[in-house]
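With mmCIF, C-alpha atoms, pLDDT in the B column; chains and numbers go by the auth columns inside, this is input.cif:
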```cif
data_data
loop_
_atom_site.group_PDB
_atom_site.id
_atom_site.type_symbol
_atom_site.label_atom_id
_atom_site.label_comp_id
_atom_site.label_asym_id
_atom_site.label_seq_id
_atom_site.Cartn_x
_atom_site.Cartn_y
_atom_site.Cartn_z
_atom_site.B_iso_or_equiv
_atom_site.auth_seq_id
_atom_site.auth_asym_id
ATOM 1 C CA MET A 1 46.537 139.718 -60.436 44.00 1 P
ATOM 2 C CA SER A 2 45.705 138.239 -57.115 46.00 2 P
ATOM 3 C CA GLU A 3 45.351 134.471 -57.216 57.00 3 P
ATOM 4 C CA ASN A 4 42.065 134.703 -55.305 80.00 4 P
ATOM 5 C CA ILE A 5 40.387 137.205 -57.637 88.00 5 P
ATOM 6 C CA ARG A 6 38.966 135.839 -60.877 93.00 6 P
ATOM 7 C CA LEU A 7 37.719 137.780 -63.875 95.00 7 P
ATOM 8 C CA GLU A 8 34.196 136.559 -63.093 96.00 8 P
ATOM 9 C CA ASP A 9 34.498 138.168 -59.640 96.00 9 P
ATOM 10 C CA LEU A 10 35.263 141.525 -61.254 97.00 10 P
ATOM 11 C CA LEU A 11 32.546 141.269 -63.901 97.00 11 P
ATOM 12 C CA SER A 12 29.899 140.378 -61.312 97.00 12 P
ATOM 13 C CA PHE A 13 29.914 144.021 -60.163 97.00 13 P
ATOM 14 C CA PHE A 14 28.980 145.325 -63.632 97.00 14 P
ATOM 15 C CA PRO A 15 25.387 144.807 -64.819 96.00 15 P
ATOM 16 C CA GLU A 16 25.088 144.091 -68.542 96.00 16 P
ATOM 17 C CA VAL A 17 23.535 146.867 -70.612 96.00 17 P
ATOM 18 C CA GLU A 18 22.439 146.801 -74.242 96.00 18 P
ATOM 19 C CA LEU A 19 23.640 149.467 -76.652 96.00 19 P
ATOM 20 C CA PRO A 20 23.040 152.279 -77.523 97.00 20 P
ATOM 21 C CA LEU A 21 23.629 154.176 -74.295 95.00 21 P
ATOM 22 C CA GLU A 22 24.422 157.675 -73.137 96.00 22 P
ATOM 23 C CA VAL A 23 27.162 158.395 -70.639 96.00 23 P
ATOM 24 C CA THR A 24 26.333 161.595 -68.739 93.00 24 P
ATOM 25 C CA GLU A 25 27.172 162.860 -65.273 88.00 25 P
ATOM 26 C CA ASP A 26 23.851 161.528 -63.900 90.00 26 P
ATOM 27 C CA LEU A 27 24.727 157.898 -64.678 92.00 27 P
ATOM 28 C CA VAL A 28 26.837 157.486 -61.525 92.00 28 P
ATOM 29 C CA MET A 29 23.935 158.459 -59.244 88.00 29 P
ATOM 30 C CA THR A 30 21.848 155.559 -60.545 87.00 30 P
ATOM 31 C CA ALA A 31 24.765 153.127 -60.389 90.00 31 P
ATOM 32 C CA GLU A 32 25.623 154.056 -56.785 88.00 32 P
ATOM 33 C CA THR A 33 22.119 153.146 -55.640 88.00 33 P
ATOM 34 C CA VAL A 34 21.844 149.893 -57.631 91.00 34 P
ATOM 35 C CA ASN A 35 25.316 148.383 -58.077 91.00 35 P
ATOM 36 C CA LYS A 36 27.350 146.648 -55.377 92.00 36 P
ATOM 37 C CA VAL A 37 30.314 148.453 -53.813 92.00 37 P
ATOM 38 C CA LEU A 38 33.713 147.260 -55.041 94.00 38 P
ATOM 39 C CA PRO A 39 35.723 145.484 -52.341 94.00 39 P
ATOM 40 C CA LYS A 40 39.345 146.398 -51.667 92.00 40 P
ATOM 41 C CA SER A 41 40.524 143.084 -53.166 93.00 41 P
ATOM 42 C CA ILE A 42 38.977 143.927 -56.569 95.00 42 P
ATOM 43 C CA LEU A 43 40.369 147.472 -56.433 93.00 43 P
ATOM 44 C CA GLU A 44 43.861 146.158 -55.735 90.00 44 P
ATOM 45 C CA ALA A 45 43.709 143.357 -58.303 92.00 45 P
ATOM 46 C CA TYR A 46 42.441 145.498 -61.183 94.00 46 P
ATOM 47 C CA PHE A 47 41.756 149.204 -60.716 93.00 47 P
ATOM 48 C CA ILE A 48 45.029 150.203 -59.063 90.00 48 P
ATOM 49 C CA LYS A 49 46.957 148.510 -61.887 90.00 49 P
ATOM 50 C CA TRP A 50 44.781 150.136 -64.565 93.00 50 P
ATOM 51 C CA GLU A 51 45.370 153.532 -63.006 89.00 51 P
ATOM 52 C CA ASN A 52 49.151 152.985 -62.625 79.00 52 P
ATOM 53 C CA ASN A 53 48.824 154.456 -59.122 60.00 53 P
ATOM 54 C CA GLU A 54 48.392 157.903 -60.685 69.00 54 P
ATOM 55 C CA GLU A 55 46.024 160.373 -59.085 70.00 55 P
ATOM 56 C CA ILE A 56 44.829 157.872 -56.505 80.00 56 P
ATOM 57 C CA ASP A 57 44.605 159.201 -52.984 82.00 57 P
ATOM 58 C CA GLU A 58 42.306 158.910 -49.987 83.00 58 P
ATOM 59 C CA PHE A 59 39.665 160.973 -51.843 86.00 59 P
ATOM 60 C CA THR A 60 39.553 158.759 -54.964 91.00 60 P
ATOM 61 C CA GLU A 61 36.429 156.639 -55.432 94.00 61 P
ATOM 62 C CA PHE A 62 35.552 153.969 -57.976 95.00 62 P
ATOM 63 C CA VAL A 63 31.984 152.980 -58.872 96.00 63 P
ATOM 64 C CA PRO A 64 31.151 150.100 -61.240 97.00 64 P
ATOM 65 C CA ILE A 65 28.752 151.367 -63.902 97.00 65 P
ATOM 66 C CA LEU A 66 28.056 148.718 -66.564 97.00 66 P
ATOM 67 C CA LYS A 67 29.272 145.952 -68.832 97.00 67 P
ATOM 68 C CA VAL A 68 28.514 146.227 -72.542 97.00 68 P
ATOM 69 C CA ALA A 69 26.425 143.194 -73.482 94.00 69 P
ATOM 70 C CA GLU A 70 27.224 143.015 -77.198 82.00 70 P
ATOM 71 C CA THR A 71 30.919 142.089 -77.064 91.00 71 P
ATOM 72 C CA GLU A 72 32.009 138.542 -77.931 90.00 72 P
ATOM 73 C CA GLU A 73 35.800 138.512 -78.263 95.00 73 P
ATOM 74 C CA PHE A 74 36.504 140.760 -75.264 98.00 74 P
ATOM 75 C CA HIS A 75 34.798 142.349 -72.252 98.00 75 P
ATOM 76 C CA ALA A 76 33.971 146.073 -72.200 98.00 76 P
ATOM 77 C CA ILE A 77 33.158 147.730 -68.883 98.00 77 P
ATOM 78 C CA ILE A 78 32.669 151.309 -67.754 98.00 78 P
ATOM 79 C CA TYR A 79 33.518 152.555 -64.290 97.00 79 P
ATOM 80 C CA TRP A 80 33.371 155.976 -62.655 97.00 80 P
ATOM 81 C CA LYS A 81 36.469 157.435 -61.056 96.00 81 P
ATOM 82 C CA GLY A 82 35.934 160.394 -58.764 94.00 82 P
ATOM 83 C CA GLY A 83 38.504 162.591 -57.118 91.00 83 P
ATOM 84 C CA LEU A 84 38.922 166.208 -56.100 89.00 84 P
ATOM 85 C CA MET A 85 37.533 168.377 -58.913 91.00 85 P
ATOM 86 C CA ARG A 86 37.823 165.473 -61.385 92.00 86 P
ATOM 87 C CA TYR A 87 35.145 162.906 -62.315 95.00 87 P
ATOM 88 C CA GLU A 88 35.609 160.481 -65.184 96.00 88 P
ATOM 89 C CA TYR A 89 33.757 157.611 -66.817 97.00 89 P
ATOM 90 C CA ILE A 90 36.393 155.209 -68.049 97.00 90 P
ATOM 91 C CA LEU A 91 35.883 152.494 -70.657 98.00 91 P
ATOM 92 C CA VAL A 92 38.101 149.450 -70.204 98.00 92 P
ATOM 93 C CA THR A 93 38.389 146.475 -72.532 98.00 93 P
ATOM 94 C CA LEU A 94 39.740 143.156 -71.293 98.00 94 P
ATOM 95 C CA ASP A 95 40.584 139.955 -73.083 97.00 95 P
ATOM 96 C CA LYS A 96 38.823 136.745 -72.051 95.00 96 P
ATOM 97 C CA LEU A 97 41.576 136.066 -69.480 95.00 97 P
ATOM 98 C CA GLY A 98 41.124 139.488 -67.836 95.00 98 P
ATOM 99 C CA ASN A 99 44.197 141.184 -69.279 96.00 99 P
ATOM 100 C CA LEU A 100 43.868 144.872 -70.060 97.00 100 P
ATOM 101 C CA ILE A 101 43.540 145.630 -73.775 98.00 101 P
ATOM 102 C CA SER A 102 42.658 149.317 -73.680 97.00 102 P
ATOM 103 C CA ARG A 103 41.556 152.042 -71.238 96.00 103 P
ATOM 104 C CA LYS A 104 40.125 155.440 -72.230 96.00 104 P
ATOM 105 C CA PRO A 105 38.039 158.105 -70.483 96.00 105 P
ATOM 106 C CA VAL A 106 34.795 158.626 -72.442 97.00 106 P
ATOM 107 C CA ALA A 107 33.057 161.328 -70.374 97.00 107 P
ATOM 108 C CA SER A 108 34.185 163.636 -67.596 97.00 108 P
ATOM 109 C CA THR A 109 33.873 166.775 -65.528 95.00 109 P
ATOM 110 C CA ILE A 110 37.203 168.386 -64.698 94.00 110 P
ATOM 111 C CA SER A 111 37.852 171.736 -63.050 92.00 111 P
ATOM 112 C CA ASP A 112 40.917 173.717 -62.124 91.00 112 P
ATOM 113 C CA GLY A 113 38.843 176.195 -60.101 88.00 113 P
ATOM 114 C CA ILE A 114 38.707 178.682 -62.983 89.00 114 P
ATOM 115 C CA THR A 115 37.309 176.632 -65.853 90.00 115 P
ATOM 116 C CA VAL A 116 35.061 173.593 -65.948 90.00 116 P
ATOM 117 C CA LYS A 117 35.553 171.081 -68.762 92.00 117 P
ATOM 118 C CA LYS A 118 32.730 168.626 -69.389 93.00 118 P
ATOM 119 C CA SER A 119 32.250 165.863 -71.879 96.00 119 P
ATOM 120 C CA VAL A 120 29.417 163.418 -72.503 96.00 120 P
ATOM 121 C CA ALA A 121 29.311 160.353 -74.717 97.00 121 P
ATOM 122 C CA LYS A 122 26.912 158.230 -76.691 98.00 122 P
ATOM 123 C CA ILE A 123 27.957 154.682 -77.503 97.00 123 P
ATOM 124 C CA ASP A 124 26.087 153.248 -80.462 96.00 124 P
ATOM 125 C CA GLU A 125 25.374 149.647 -81.441 95.00 125 P
ATOM 126 C CA ASP A 126 28.593 149.428 -83.480 94.00 126 P
ATOM 127 C CA LEU A 127 30.722 150.424 -80.454 96.00 127 P
ATOM 128 C CA ILE A 128 31.402 153.850 -81.918 96.00 128 P
ATOM 129 C CA ILE A 129 31.691 156.412 -79.137 97.00 129 P
ATOM 130 C CA HIS A 130 30.540 159.941 -79.987 97.00 130 P
ATOM 131 C CA ILE A 131 31.909 162.477 -77.505 96.00 131 P
ATOM 132 C CA MET A 132 30.953 166.126 -77.145 95.00 132 P
ATOM 133 C CA ALA A 133 33.293 168.207 -74.992 95.00 133 P
ATOM 134 C CA GLY A 134 32.939 171.799 -73.872 93.00 134 P
ATOM 135 C CA GLU A 135 34.415 174.296 -71.484 91.00 135 P
ATOM 136 C CA SER A 136 32.980 177.089 -69.382 89.00 136 P
ATOM 137 C CA ILE A 137 34.216 179.579 -66.845 84.00 137 P
ATOM 138 C CA ALA A 138 33.482 178.469 -63.269 69.00 138 P
ATOM 139 C CA ASP A 139 30.962 181.328 -62.933 72.00 139 P
ATOM 140 C CA GLY A 140 28.755 179.569 -65.494 70.00 140 P
ATOM 141 C CA LYS A 141 29.572 181.460 -68.702 74.00 141 P
ATOM 142 C CA TYR A 142 29.606 178.999 -71.576 75.00 142 P
ATOM 143 C CA ASP A 143 30.885 179.618 -75.086 74.00 143 P
ATOM 144 C CA PRO A 144 29.573 176.977 -77.517 80.00 144 P
ATOM 145 C CA ALA A 145 32.380 177.874 -79.932 80.00 145 P
ATOM 146 C CA ASN A 146 34.739 176.082 -77.516 80.00 146 P
ATOM 147 C CA SER A 147 32.904 172.768 -77.964 90.00 147 P
ATOM 148 C CA GLN A 148 34.472 169.912 -79.891 92.00 148 P
ATOM 149 C CA ALA A 149 33.217 166.595 -81.172 92.00 149 P
ATOM 150 C CA PHE A 150 35.371 163.477 -81.011 90.00 150 P
ATOM 151 C CA ASN A 151 34.875 159.885 -82.015 96.00 151 P
ATOM 152 C CA MET A 152 36.418 156.730 -80.660 97.00 152 P
ATOM 153 C CA GLU A 153 35.704 153.190 -81.726 96.00 153 P
ATOM 154 C CA VAL A 154 36.144 149.839 -80.052 96.00 154 P
ATOM 155 C CA ILE A 155 37.404 147.571 -82.826 95.00 155 P
ATOM 156 C CA HIS A 156 37.065 143.771 -82.990 95.00 156 P
ATOM 157 C CA THR A 157 40.333 143.241 -81.049 96.00 157 P
ATOM 158 C CA GLY A 158 39.076 145.321 -78.126 97.00 158 P
ATOM 159 C CA ASP A 159 41.430 148.200 -78.899 97.00 159 P
ATOM 160 C CA ILE A 160 39.920 151.667 -78.531 97.00 160 P
ATOM 161 C CA ILE A 161 40.988 153.924 -81.366 96.00 161 P
ATOM 162 C CA PHE A 162 40.571 157.693 -81.403 86.00 162 P
ATOM 163 C CA SER A 163 39.744 160.151 -84.173 74.00 163 P
ATOM 164 C CA LEU A 164 38.807 163.841 -84.339 55.00 164 P
ATOM 165 C CA GLY A 165 35.236 164.403 -85.527 49.00 165 P
ATOM 166 C CA ASP A 166 34.215 166.731 -88.363 48.00 166 P
#
```

C-alpha coordinates encoding of this file:
Amino acid sequence: MSENIRLEDLLSFFPEVELPLEVTEDLVMTAETVNKVLPKSILEAYFIKWENNEEIDEFTEFVPILKVAETEEFHAIIYWKGGLMRYEYILVTLDKLGNLISRKPVASTISDGITVKKSVAKIDEDLIIHIMAGESIADGKYDPANSQAFNMEVIHTGDIIFSLGD
(Lines of atoms letter the chains of each structure in order from A and count residues from 1; the text may use other names and numbers.)
(Lines give C-alpha, C1' and ligand atoms only; values in the text may rest on other atoms or scores of the structure.)
Protein backbone atom coordinates (compact mmCIF):
# COMPACT_ATOMS: atom_id res chain seq x y z
CA MET A 1 0.00 0.00 0.00
CA SER A 2 1.02 3.55 -0.54
CA GLU A 3 3.15 4.92 2.27
CA ASN A 4 0.97 8.04 2.43
CA ILE A 5 -2.36 6.22 2.78
CA ARG A 6 -3.21 4.86 6.22
CA LEU A 7 -6.00 2.48 7.15
CA GLU A 8 -7.66 5.32 9.07
CA ASP A 9 -7.75 7.35 5.83
CA LEU A 10 -9.67 4.55 4.12
CA LEU A 11 -12.06 3.95 7.00
CA SER A 12 -12.91 7.65 7.27
CA PHE A 13 -14.99 7.32 4.08
CA PHE A 14 -17.24 4.62 5.59
CA PRO A 15 -19.81 5.71 8.20
CA GLU A 16 -20.36 3.17 10.98
CA VAL A 17 -23.71 1.40 10.93
CA GLU A 18 -25.24 -0.87 13.55
CA LEU A 19 -26.56 -4.29 12.58
CA PRO A 20 -28.99 -5.61 11.41
CA LEU A 21 -29.09 -4.01 7.97
CA GLU A 22 -30.50 -4.69 4.54
CA VAL A 23 -28.41 -4.37 1.41
CA THR A 24 -30.68 -3.53 -1.54
CA GLU A 25 -30.14 -1.65 -4.78
CA ASP A 26 -31.46 1.59 -3.22
CA LEU A 27 -28.65 1.75 -0.64
CA VAL A 28 -26.17 3.29 -3.09
CA MET A 29 -28.46 6.25 -3.83
CA THR A 30 -28.42 7.28 -0.17
CA ALA A 31 -24.67 6.72 0.16
CA GLU A 32 -23.88 8.80 -2.94
CA THR A 33 -25.65 11.82 -1.46
CA VAL A 34 -24.19 11.49 2.06
CA ASN A 35 -20.75 9.86 1.86
CA LYS A 36 -17.57 11.53 0.61
CA VAL A 37 -16.20 10.62 -2.83
CA LEU A 38 -13.18 8.31 -2.77
CA PRO A 39 -10.00 10.00 -3.98
CA LYS A 40 -7.76 8.36 -6.57
CA SER A 41 -5.08 7.69 -3.92
CA ILE A 42 -7.48 5.52 -1.87
CA LEU A 43 -8.69 3.71 -5.00
CA GLU A 44 -5.12 2.91 -6.01
CA ALA A 45 -3.97 1.91 -2.52
CA TYR A 46 -6.88 -0.43 -1.78
CA PHE A 47 -9.66 -0.96 -4.32
CA ILE A 48 -7.54 -1.68 -7.38
CA LYS A 49 -5.62 -4.33 -5.41
CA TRP A 50 -8.83 -5.87 -4.04
CA GLU A 51 -10.24 -6.09 -7.55
CA ASN A 52 -7.01 -7.55 -9.03
CA ASN A 53 -7.46 -5.11 -11.93
CA GLU A 54 -10.31 -7.29 -13.22
CA GLU A 55 -13.31 -5.64 -14.82
CA ILE A 56 -12.06 -2.15 -14.07
CA ASP A 57 -12.34 0.30 -16.93
CA GLU A 58 -13.22 3.94 -17.47
CA PHE A 59 -16.88 3.14 -16.67
CA THR A 60 -16.20 1.48 -13.29
CA GLU A 61 -17.26 3.44 -10.20
CA PHE A 62 -16.73 2.78 -6.50
CA VAL A 63 -18.92 4.25 -3.75
CA PRO A 64 -18.19 3.78 -0.03
CA ILE A 65 -21.33 2.49 1.68
CA LEU A 66 -20.71 1.64 5.35
CA LYS A 67 -18.51 0.16 8.04
CA VAL A 68 -20.03 -2.46 10.33
CA ALA A 69 -19.83 -1.11 13.87
CA GLU A 70 -19.90 -4.39 15.80
CA THR A 71 -16.54 -5.87 14.76
CA GLU A 72 -13.65 -5.92 17.24
CA GLU A 73 -10.90 -8.12 15.81
CA PHE A 74 -11.19 -6.88 12.21
CA HIS A 75 -12.84 -4.16 10.11
CA ALA A 76 -15.82 -4.95 7.87
CA ILE A 77 -16.79 -2.48 5.16
CA ILE A 78 -19.20 -2.54 2.25
CA TYR A 79 -18.65 -0.67 -0.99
CA TRP A 80 -20.60 -0.46 -4.23
CA LYS A 81 -18.91 -1.28 -7.51
CA GLY A 82 -20.72 -0.20 -10.65
CA GLY A 83 -19.88 -0.97 -14.23
CA LEU A 84 -21.67 -1.60 -17.50
CA MET A 85 -24.68 -3.83 -16.77
CA ARG A 86 -23.12 -4.95 -13.46
CA TYR A 87 -23.65 -3.44 -9.98
CA GLU A 88 -22.36 -5.12 -6.85
CA TYR A 89 -22.23 -4.49 -3.12
CA ILE A 90 -19.00 -6.01 -1.89
CA LEU A 91 -18.19 -6.88 1.71
CA VAL A 92 -14.51 -6.64 2.59
CA THR A 93 -12.88 -7.62 5.87
CA LEU A 94 -9.50 -6.22 6.86
CA ASP A 95 -7.20 -6.99 9.74
CA LYS A 96 -6.23 -4.18 12.12
CA LEU A 97 -3.22 -3.34 9.91
CA GLY A 98 -5.40 -2.97 6.79
CA ASN A 99 -4.52 -6.26 5.12
CA LEU A 100 -7.28 -7.95 3.17
CA ILE A 101 -8.79 -10.97 4.94
CA SER A 102 -11.78 -11.68 2.72
CA ARG A 103 -13.83 -10.11 -0.10
CA LYS A 104 -17.27 -11.30 -1.25
CA PRO A 105 -20.15 -9.75 -3.20
CA VAL A 106 -23.29 -9.80 -1.02
CA ALA A 107 -25.87 -8.19 -3.33
CA SER A 108 -25.93 -7.36 -7.02
CA THR A 109 -27.74 -6.62 -10.25
CA ILE A 110 -26.13 -8.23 -13.28
CA SER A 111 -27.45 -8.39 -16.83
CA ASP A 112 -26.26 -9.91 -20.07
CA GLY A 113 -28.96 -8.08 -22.05
CA ILE A 114 -31.25 -11.12 -22.04
CA THR A 115 -31.57 -11.97 -18.36
CA VAL A 116 -31.31 -9.87 -15.23
CA LYS A 117 -29.93 -11.49 -12.08
CA LYS A 118 -30.58 -9.70 -8.79
CA SER A 119 -29.69 -10.49 -5.24
CA VAL A 120 -30.35 -8.70 -1.96
CA ALA A 121 -28.93 -9.35 1.49
CA LYS A 122 -29.76 -8.96 5.14
CA ILE A 123 -26.88 -8.94 7.60
CA ASP A 124 -27.97 -9.83 11.12
CA GLU A 125 -26.40 -9.02 14.48
CA ASP A 126 -24.30 -12.21 14.41
CA LEU A 127 -22.73 -11.25 11.05
CA ILE A 128 -24.73 -13.91 9.24
CA ILE A 129 -25.57 -12.73 5.73
CA HIS A 130 -28.86 -14.00 4.29
CA ILE A 131 -28.95 -13.60 0.51
CA MET A 132 -31.91 -14.06 -1.81
CA ALA A 133 -31.06 -14.27 -5.51
CA GLY A 134 -33.39 -14.42 -8.48
CA GLU A 135 -33.40 -14.14 -12.23
CA SER A 136 -35.81 -12.68 -14.75
CA ILE A 137 -35.95 -12.16 -18.47
CA ALA A 138 -35.04 -8.59 -19.46
CA ASP A 139 -38.66 -7.99 -20.53
CA GLY A 140 -39.70 -8.28 -16.88
CA LYS A 141 -40.98 -11.87 -16.68
CA TYR A 142 -39.98 -13.32 -13.34
CA ASP A 143 -40.17 -16.95 -12.29
CA PRO A 144 -39.95 -17.30 -8.49
CA ALA A 145 -38.96 -20.95 -8.93
CA ASN A 146 -35.56 -19.66 -10.11
CA SER A 147 -34.89 -17.95 -6.77
CA GLN A 148 -32.31 -19.31 -4.36
CA ALA A 149 -31.38 -18.56 -0.78
CA PHE A 150 -27.76 -18.49 0.34
CA ASN A 151 -26.04 -17.81 3.62
CA MET A 152 -22.60 -16.47 4.34
CA GLU A 153 -21.08 -15.75 7.72
CA VAL A 154 -18.26 -13.53 8.87
CA ILE A 155 -16.46 -15.60 11.50
CA HIS A 156 -14.31 -14.27 14.36
CA THR A 157 -11.15 -14.24 12.19
CA GLY A 158 -12.80 -11.99 9.60
CA ASP A 159 -13.06 -14.79 7.04
CA ILE A 160 -16.32 -14.89 5.09
CA ILE A 161 -17.57 -18.43 4.71
CA PHE A 162 -20.30 -19.52 2.31
CA SER A 163 -23.06 -22.11 2.57
CA LEU A 164 -26.15 -23.00 0.53
CA GLY A 165 -29.40 -22.29 2.38
CA ASP A 166 -32.23 -24.78 2.85

Requested in this report: Up to 6 Å from (29.9, 160.9, -76.1) in the file's coordinates: name the residues, counting all atoms listed in the file, as a ChimeraX atom specification.
Outcome: /P:120-122,129-132

Report task. Name the residues that the PyMOL selection byres ((chain P and resi 160) around 10) pulls out of this structure, and write them as a VMD selection string. Result -> chain P and resid 91 to 93 101 to 104 127 to 129 152 to 159 161 to 162

Query raised in the report: Can you tell me, as a PyMOL selection string, what residues are no more than 8 Å from range 19-32 of chain P when counting only C-alpha atoms, ignoring any on the same chain fewer than 2 positions away?
Result: chain P and resi 17+34-37+63-65+68-70+80+89+106-109+119-125

Query raised in the report: If you measure from CA of Ile78 in chain P to CA of Asp9 in chain P, what distance in Å do you get, rounded to one decimal?
Result: 15.6 Å

Query raised in the report: Using all atoms listed in the file, which residues sit within 10 Å of Gly113 in chain P once same-chain residues fewer than 3 positions away are excluded, as number ranges by chain?
Result: P: 85, 110, 116, 137-139

Query raised in the report: Any idea what's packed within 9 Å of Lys96 in chain P, counting all atoms listed in the file, ignoring anything in its chain fewer than 4 positions away? Could you give it as an MDAnalysis selection string?
Result: chainID P and resid 7 73:75

Query raised in the report: Separation of CA of Asn52 in chain P and CA of Leu11 in chain P, in Å?
Result: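 Taking CA of Asn52 in chain P and CA of Leu11 in chain P, their separation equals 20.4 Å.
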
Query raised in the report: In Å, how far is it from CA of Lys81 in chain P to CA of Asp112 in chain P?
Result: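 Interatomic distance, CA of Lys81 in chain P to CA of Asp112 in chain P: 16.9 Å.
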
As a check of understanding, name the residues that the PyMOL selection byres ((chain P and resi 67) around 6) selects in the supplied structure, as a PDB file with C-alpha atoms, in the coordinates of the input.
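Writing done, so here's out02.pdb:
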```pdb
ATOM      1  CA  PHE P  14      28.980 145.325 -63.632  1.00 97.00           C
ATOM      2  CA  PRO P  15      25.387 144.807 -64.819  1.00 96.00           C
ATOM      3  CA  GLU P  16      25.088 144.091 -68.542  1.00 96.00           C
ATOM      4  CA  LEU P  66      28.056 148.718 -66.564  1.00 97.00           C
ATOM      5  CA  VAL P  68      28.514 146.227 -72.542  1.00 97.00           C
ATOM      6  CA  ALA P  76      33.971 146.073 -72.200  1.00 98.00           C
ATOM      7  CA  ILE P  77      33.158 147.730 -68.883  1.00 98.00           C
TER       8      ILE P  77
END
```

**Report entry** Selected residue, from P:Ala45, P:Gly98, P:Tyr87, P:Tyr79, that lies nearest to Glu8 in chain P when counting all atoms listed in the file
**Finding:**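 Closest candidate: P:Gly98.
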
Query - Of the listed residues P:Leu84, P:Thr33, P:Glu72, P:Leu43, that which approaches Asp57 in chain P most closely, counting all atoms listed in the file - result: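 Using all atoms listed in the file, Asp57 in chain P sits closest to P:Leu84.
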
Report task. Name the closest residue to Asn99 in chain P among the candidates P:Trp50, P:Gln148, P:Asn4, P:Gly140; distances are taken between atoms, counting all atoms listed in the file. Result -> P:Trp50
